[in-house]
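In what follows, a single structure is set out as structure tokens and then discussed.
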Amino acid sequence: MRIGELAERTGASPRSLRYYEQRGLLASERSANGYREYGADAVERVRNIRLLLESGLTSEDVQELQACLKLDLVREPACAEAVALYEQRLQAVRERIDTLTATERRLEERIAEL
């Protein structure tokens, strides 16, 4: 299938699909006329990429989950590698929230002093 059909079937923009290819998350073949051609498995792969990115993982995180991208991440049991990355990302977010909360408190104290 061509990029337009893949975009339509997955809800991803053609620009996003090209970005996924650039990052090594998605592969295509080039036809004789230069068009990108994707295999049937690309639909599931793109849906998984989008799910992982929308869940808060980065494209670098998703690169580490190449084996998970073949699975149906919505219906099949969780991919252990994905769970571990979710936990790591959640911990990083919580640490960032703690830092921001402390900064907020210091700013409020300083404003009260003024």
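How things are named: the first chain in the structure tokens is A, the next is B, and so on; residues count from 1 in each chain; ligands count from 1 in the order shown.
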
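Here the DSSP assignment of strand (DSSP E), based on backbone atoms, applies within chain A to Glu29, Arg30, Arg36 and Glu37 of chain A.
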
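Considering only C-alpha atoms, the residue among A:Ala27, A:Leu100, A:Val62, A:Ile3 positioned nearest to Asn48 of chain A is A:Val62.
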
Exercise for the section: Pick out the residues sitting within 12 Å of Gln66 of chain A, and hand them over as a VMD selection string; count only C-alpha atoms, and ignore anything fewer than 6 positions along from it in its own chain. Expected result: chain A and resid 23 to 27 45 to 46 48 to 49 52 59 to 60 79 81 to 82

Quick one: DSSP helix (DSSP H, G or I) residues in segment 7-98 of chain A, as a short mmCIF file (atom, residue, chain, number, x, y, z; two decimals) with N, CA, C and O atoms, in the first residue's frame?
data_model
loop_
_atom_site.label_atom_id
_atom_site.label_comp_id
_atom_site.auth_asym_id
_atom_site.auth_seq_id
_atom_site.Cartn_x
_atom_site.Cartn_y
_atom_site.Cartn_z
N ALA A 7 -1.75 6.15 5.67
CA ALA A 7 -2.17 7.29 6.49
C ALA A 7 -3.67 7.21 6.78
O ALA A 7 -4.11 7.40 7.91
N GLU A 8 -4.44 6.90 5.76
CA GLU A 8 -5.89 6.81 5.93
C GLU A 8 -6.27 5.67 6.87
O GLU A 8 -7.14 5.83 7.73
N ARG A 9 -5.62 4.54 6.75
CA ARG A 9 -5.96 3.37 7.56
C ARG A 9 -5.52 3.50 9.02
O ARG A 9 -6.07 2.83 9.89
N THR A 10 -4.53 4.35 9.28
CA THR A 10 -4.00 4.47 10.64
C THR A 10 -4.31 5.79 11.32
O THR A 10 -4.14 5.92 12.53
N PRO A 14 0.85 11.62 6.46
CA PRO A 14 2.00 11.18 5.66
C PRO A 14 3.32 11.73 6.22
O PRO A 14 4.34 11.04 6.21
N ARG A 15 3.26 12.93 6.73
CA ARG A 15 4.47 13.52 7.32
C ARG A 15 4.95 12.69 8.52
O ARG A 15 6.15 12.45 8.69
N SER A 16 4.01 12.26 9.36
CA SER A 16 4.37 11.41 10.50
C SER A 16 4.96 10.09 10.03
O SER A 16 5.95 9.61 10.60
N LEU A 17 4.38 9.51 9.00
CA LEU A 17 4.89 8.24 8.48
C LEU A 17 6.31 8.39 7.97
O LEU A 17 7.16 7.53 8.21
N ARG A 18 6.58 9.49 7.27
CA ARG A 18 7.95 9.73 6.81
C ARG A 18 8.90 9.91 8.00
O ARG A 18 10.04 9.45 7.98
N TYR A 19 8.42 10.59 9.04
CA TYR A 19 9.23 10.76 10.26
C TYR A 19 9.52 9.41 10.90
O TYR A 19 10.65 9.14 11.30
N TYR A 20 8.51 8.54 10.99
CA TYR A 20 8.73 7.21 11.57
C TYR A 20 9.79 6.45 10.77
O TYR A 20 10.63 5.76 11.35
N GLU A 21 9.74 6.58 9.46
CA GLU A 21 10.76 5.94 8.62
C GLU A 21 12.14 6.52 8.91
O GLU A 21 13.11 5.78 9.04
N GLN A 22 12.21 7.81 8.98
CA GLN A 22 13.47 8.50 9.24
C GLN A 22 14.08 8.05 10.57
O GLN A 22 15.29 7.91 10.68
N ALA A 42 2.43 -2.97 8.20
CA ALA A 42 2.71 -1.57 8.55
C ALA A 42 1.54 -0.93 9.31
O ALA A 42 1.76 -0.06 10.15
N VAL A 43 0.33 -1.39 9.04
CA VAL A 43 -0.84 -0.80 9.73
C VAL A 43 -0.72 -1.02 11.23
O VAL A 43 -0.84 -0.07 12.02
N GLU A 44 -0.50 -2.27 11.64
CA GLU A 44 -0.37 -2.58 13.07
C GLU A 44 0.82 -1.85 13.67
O GLU A 44 0.76 -1.32 14.77
N ARG A 45 1.92 -1.83 12.95
CA ARG A 45 3.13 -1.18 13.43
C ARG A 45 2.90 0.31 13.69
O ARG A 45 3.27 0.83 14.73
N VAL A 46 2.26 0.99 12.75
CA VAL A 46 1.99 2.43 12.91
C VAL A 46 1.03 2.66 14.07
O VAL A 46 1.23 3.58 14.87
N ARG A 47 0.01 1.83 14.18
CA ARG A 47 -0.91 1.98 15.31
C ARG A 47 -0.18 1.83 16.64
O ARG A 47 -0.43 2.57 17.59
N ASN A 48 0.74 0.88 16.71
CA ASN A 48 1.53 0.69 17.93
C ASN A 48 2.45 1.88 18.19
O ASN A 48 2.56 2.34 19.34
N ILE A 49 3.09 2.38 17.17
CA ILE A 49 3.96 3.55 17.33
C ILE A 49 3.16 4.71 17.88
O ILE A 49 3.57 5.38 18.84
N ARG A 50 2.00 4.96 17.29
CA ARG A 50 1.16 6.07 17.75
C ARG A 50 0.70 5.87 19.18
O ARG A 50 0.70 6.81 19.98
N LEU A 51 0.31 4.65 19.53
CA LEU A 51 -0.12 4.35 20.90
C LEU A 51 1.00 4.65 21.89
O LEU A 51 0.78 5.30 22.92
N LEU A 52 2.19 4.19 21.58
CA LEU A 52 3.32 4.39 22.48
C LEU A 52 3.68 5.88 22.61
O LEU A 52 3.92 6.37 23.72
N LEU A 53 3.68 6.59 21.50
CA LEU A 53 3.98 8.03 21.55
C LEU A 53 2.90 8.79 22.31
O LEU A 53 3.21 9.67 23.11
N GLU A 54 1.64 8.45 22.06
CA GLU A 54 0.54 9.13 22.75
C GLU A 54 0.52 8.81 24.24
O GLU A 54 -0.04 9.58 25.03
N SER A 59 10.23 9.02 20.77
CA SER A 59 10.58 8.19 19.62
C SER A 59 11.82 7.36 19.92
O SER A 59 11.95 6.23 19.44
N GLU A 60 12.71 7.88 20.76
CA GLU A 60 13.89 7.10 21.18
C GLU A 60 13.46 5.89 22.00
O GLU A 60 14.00 4.80 21.86
N ASP A 61 12.47 6.09 22.87
CA ASP A 61 11.93 4.97 23.65
C ASP A 61 11.35 3.92 22.71
O ASP A 61 11.58 2.72 22.88
N VAL A 62 10.57 4.38 21.75
CA VAL A 62 9.91 3.46 20.82
C VAL A 62 10.94 2.66 20.03
O VAL A 62 10.73 1.48 19.75
N GLN A 63 12.06 3.28 19.70
CA GLN A 63 13.12 2.57 18.98
C GLN A 63 13.60 1.36 19.78
O GLN A 63 13.96 0.34 19.20
N GLN A 66 11.39 -2.26 19.31
CA GLN A 66 11.17 -2.81 17.97
C GLN A 66 10.43 -4.14 18.01
O GLN A 66 9.54 -4.37 17.21
N ALA A 67 10.79 -5.02 18.94
CA ALA A 67 10.14 -6.34 19.00
C ALA A 67 8.66 -6.20 19.36
O ALA A 67 7.83 -7.00 18.91
N CYS A 68 8.31 -5.21 20.14
CA CYS A 68 6.91 -5.01 20.56
C CYS A 68 6.05 -4.46 19.43
O CYS A 68 4.83 -4.62 19.46
N LEU A 69 6.66 -3.80 18.47
CA LEU A 69 5.88 -3.14 17.42
C LEU A 69 5.16 -4.13 16.51
O LEU A 69 4.23 -3.76 15.81
N LYS A 70 5.56 -5.39 16.53
CA LYS A 70 4.91 -6.42 15.72
C LYS A 70 3.63 -6.94 16.37
O LYS A 70 2.80 -7.54 15.73
N ALA A 80 6.65 -6.80 27.87
CA ALA A 80 7.42 -6.52 29.09
C ALA A 80 8.34 -5.32 28.93
O ALA A 80 8.47 -4.51 29.85
N GLU A 81 8.95 -5.20 27.76
CA GLU A 81 9.86 -4.06 27.53
C GLU A 81 9.09 -2.74 27.55
O GLU A 81 9.59 -1.74 28.07
N ALA A 82 7.87 -2.75 27.02
CA ALA A 82 7.07 -1.53 27.03
C ALA A 82 6.67 -1.16 28.45
O ALA A 82 6.72 0.02 28.82
N VAL A 83 6.29 -2.14 29.23
CA VAL A 83 5.91 -1.88 30.62
C VAL A 83 7.08 -1.25 31.37
O VAL A 83 6.91 -0.27 32.10
N ALA A 84 8.28 -1.78 31.18
CA ALA A 84 9.46 -1.24 31.86
C ALA A 84 9.72 0.21 31.44
O ALA A 84 10.01 1.06 32.29
N LEU A 85 9.56 0.51 30.15
CA LEU A 85 9.76 1.88 29.70
C LEU A 85 8.68 2.81 30.22
O LEU A 85 8.95 3.96 30.58
N TYR A 86 7.44 2.34 30.28
CA TYR A 86 6.36 3.14 30.86
C TYR A 86 6.71 3.49 32.31
O TYR A 86 6.53 4.64 32.74
N GLU A 87 7.18 2.52 33.06
CA GLU A 87 7.53 2.75 34.46
C GLU A 87 8.68 3.75 34.58
O GLU A 87 8.64 4.64 35.44
N GLN A 88 9.68 3.63 33.73
CA GLN A 88 10.80 4.58 33.75
C GLN A 88 10.33 5.99 33.41
O GLN A 88 10.71 6.95 34.07
N ARG A 89 9.50 6.11 32.38
CA ARG A 89 9.01 7.42 31.96
C ARG A 89 8.13 8.02 33.07
O ARG A 89 8.23 9.20 33.37
N LEU A 90 7.29 7.20 33.69
CA LEU A 90 6.44 7.68 34.78
C LEU A 90 7.28 8.19 35.94
O LEU A 90 7.00 9.25 36.51
N GLN A 91 8.34 7.48 36.29
CA GLN A 91 9.23 7.92 37.37
C GLN A 91 9.88 9.26 37.02
O GLN A 91 9.96 10.16 37.86
N ALA A 92 10.31 9.41 35.76
CA ALA A 92 10.91 10.68 35.34
C ALA A 92 9.90 11.82 35.41
O ALA A 92 10.24 12.93 35.84
N VAL A 93 8.66 11.55 35.03
CA VAL A 93 7.61 12.58 35.10
C VAL A 93 7.35 12.96 36.55
O VAL A 93 7.23 14.15 36.88
N ARG A 94 7.28 11.96 37.42
CA ARG A 94 7.04 12.25 38.84
C ARG A 94 8.18 13.08 39.44
O ARG A 94 7.92 14.00 40.22
N GLU A 95 9.41 12.77 39.06
CA GLU A 95 10.54 13.55 39.55
C GLU A 95 10.47 14.99 39.05
O GLU A 95 10.75 15.93 39.78
N ARG A 96 10.07 15.15 37.79
CA ARG A 96 9.93 16.49 37.22
C ARG A 96 8.82 17.26 37.93
O ARG A 96 8.96 18.45 38.22
N ILE A 97 7.71 16.58 38.23
CA ILE A 97 6.61 17.22 38.97
C ILE A 97 7.10 17.68 40.34
O ILE A 97 6.79 18.79 40.78
N ASP A 98 7.86 16.84 41.04
CA ASP A 98 8.40 17.20 42.35
C ASP A 98 9.28 18.44 42.25
O ASP A 98 9.18 19.35 43.08
#

Problem - Polymer residues at most 7 Å from Glu37 of chain A, only C-alpha atoms, same-chain spacing of 5 or more positions, as an MDAnalysis selection string - result: chainID A and resid 1:3 28:31

Handout entry: Point-to-point distance from atom CA of Glu64 of chain A to atom CA of Arg36 of chain A, Å rounded to tenths
Key = 24.4 Å

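For the atom pair formed by atom CA of Tyr38 of chain A and atom CA of Leu6 of chain A, the distance is 7.6 Å, given to one decimal.
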
Practice task
Give me, please, the distance in Å between atom CA of Gly34 of chain A and atom CA of Gly11 of chain A, quoted to one decimal.
Solution key: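 Rounded to one decimal, the two atoms are 23.0 Å apart.
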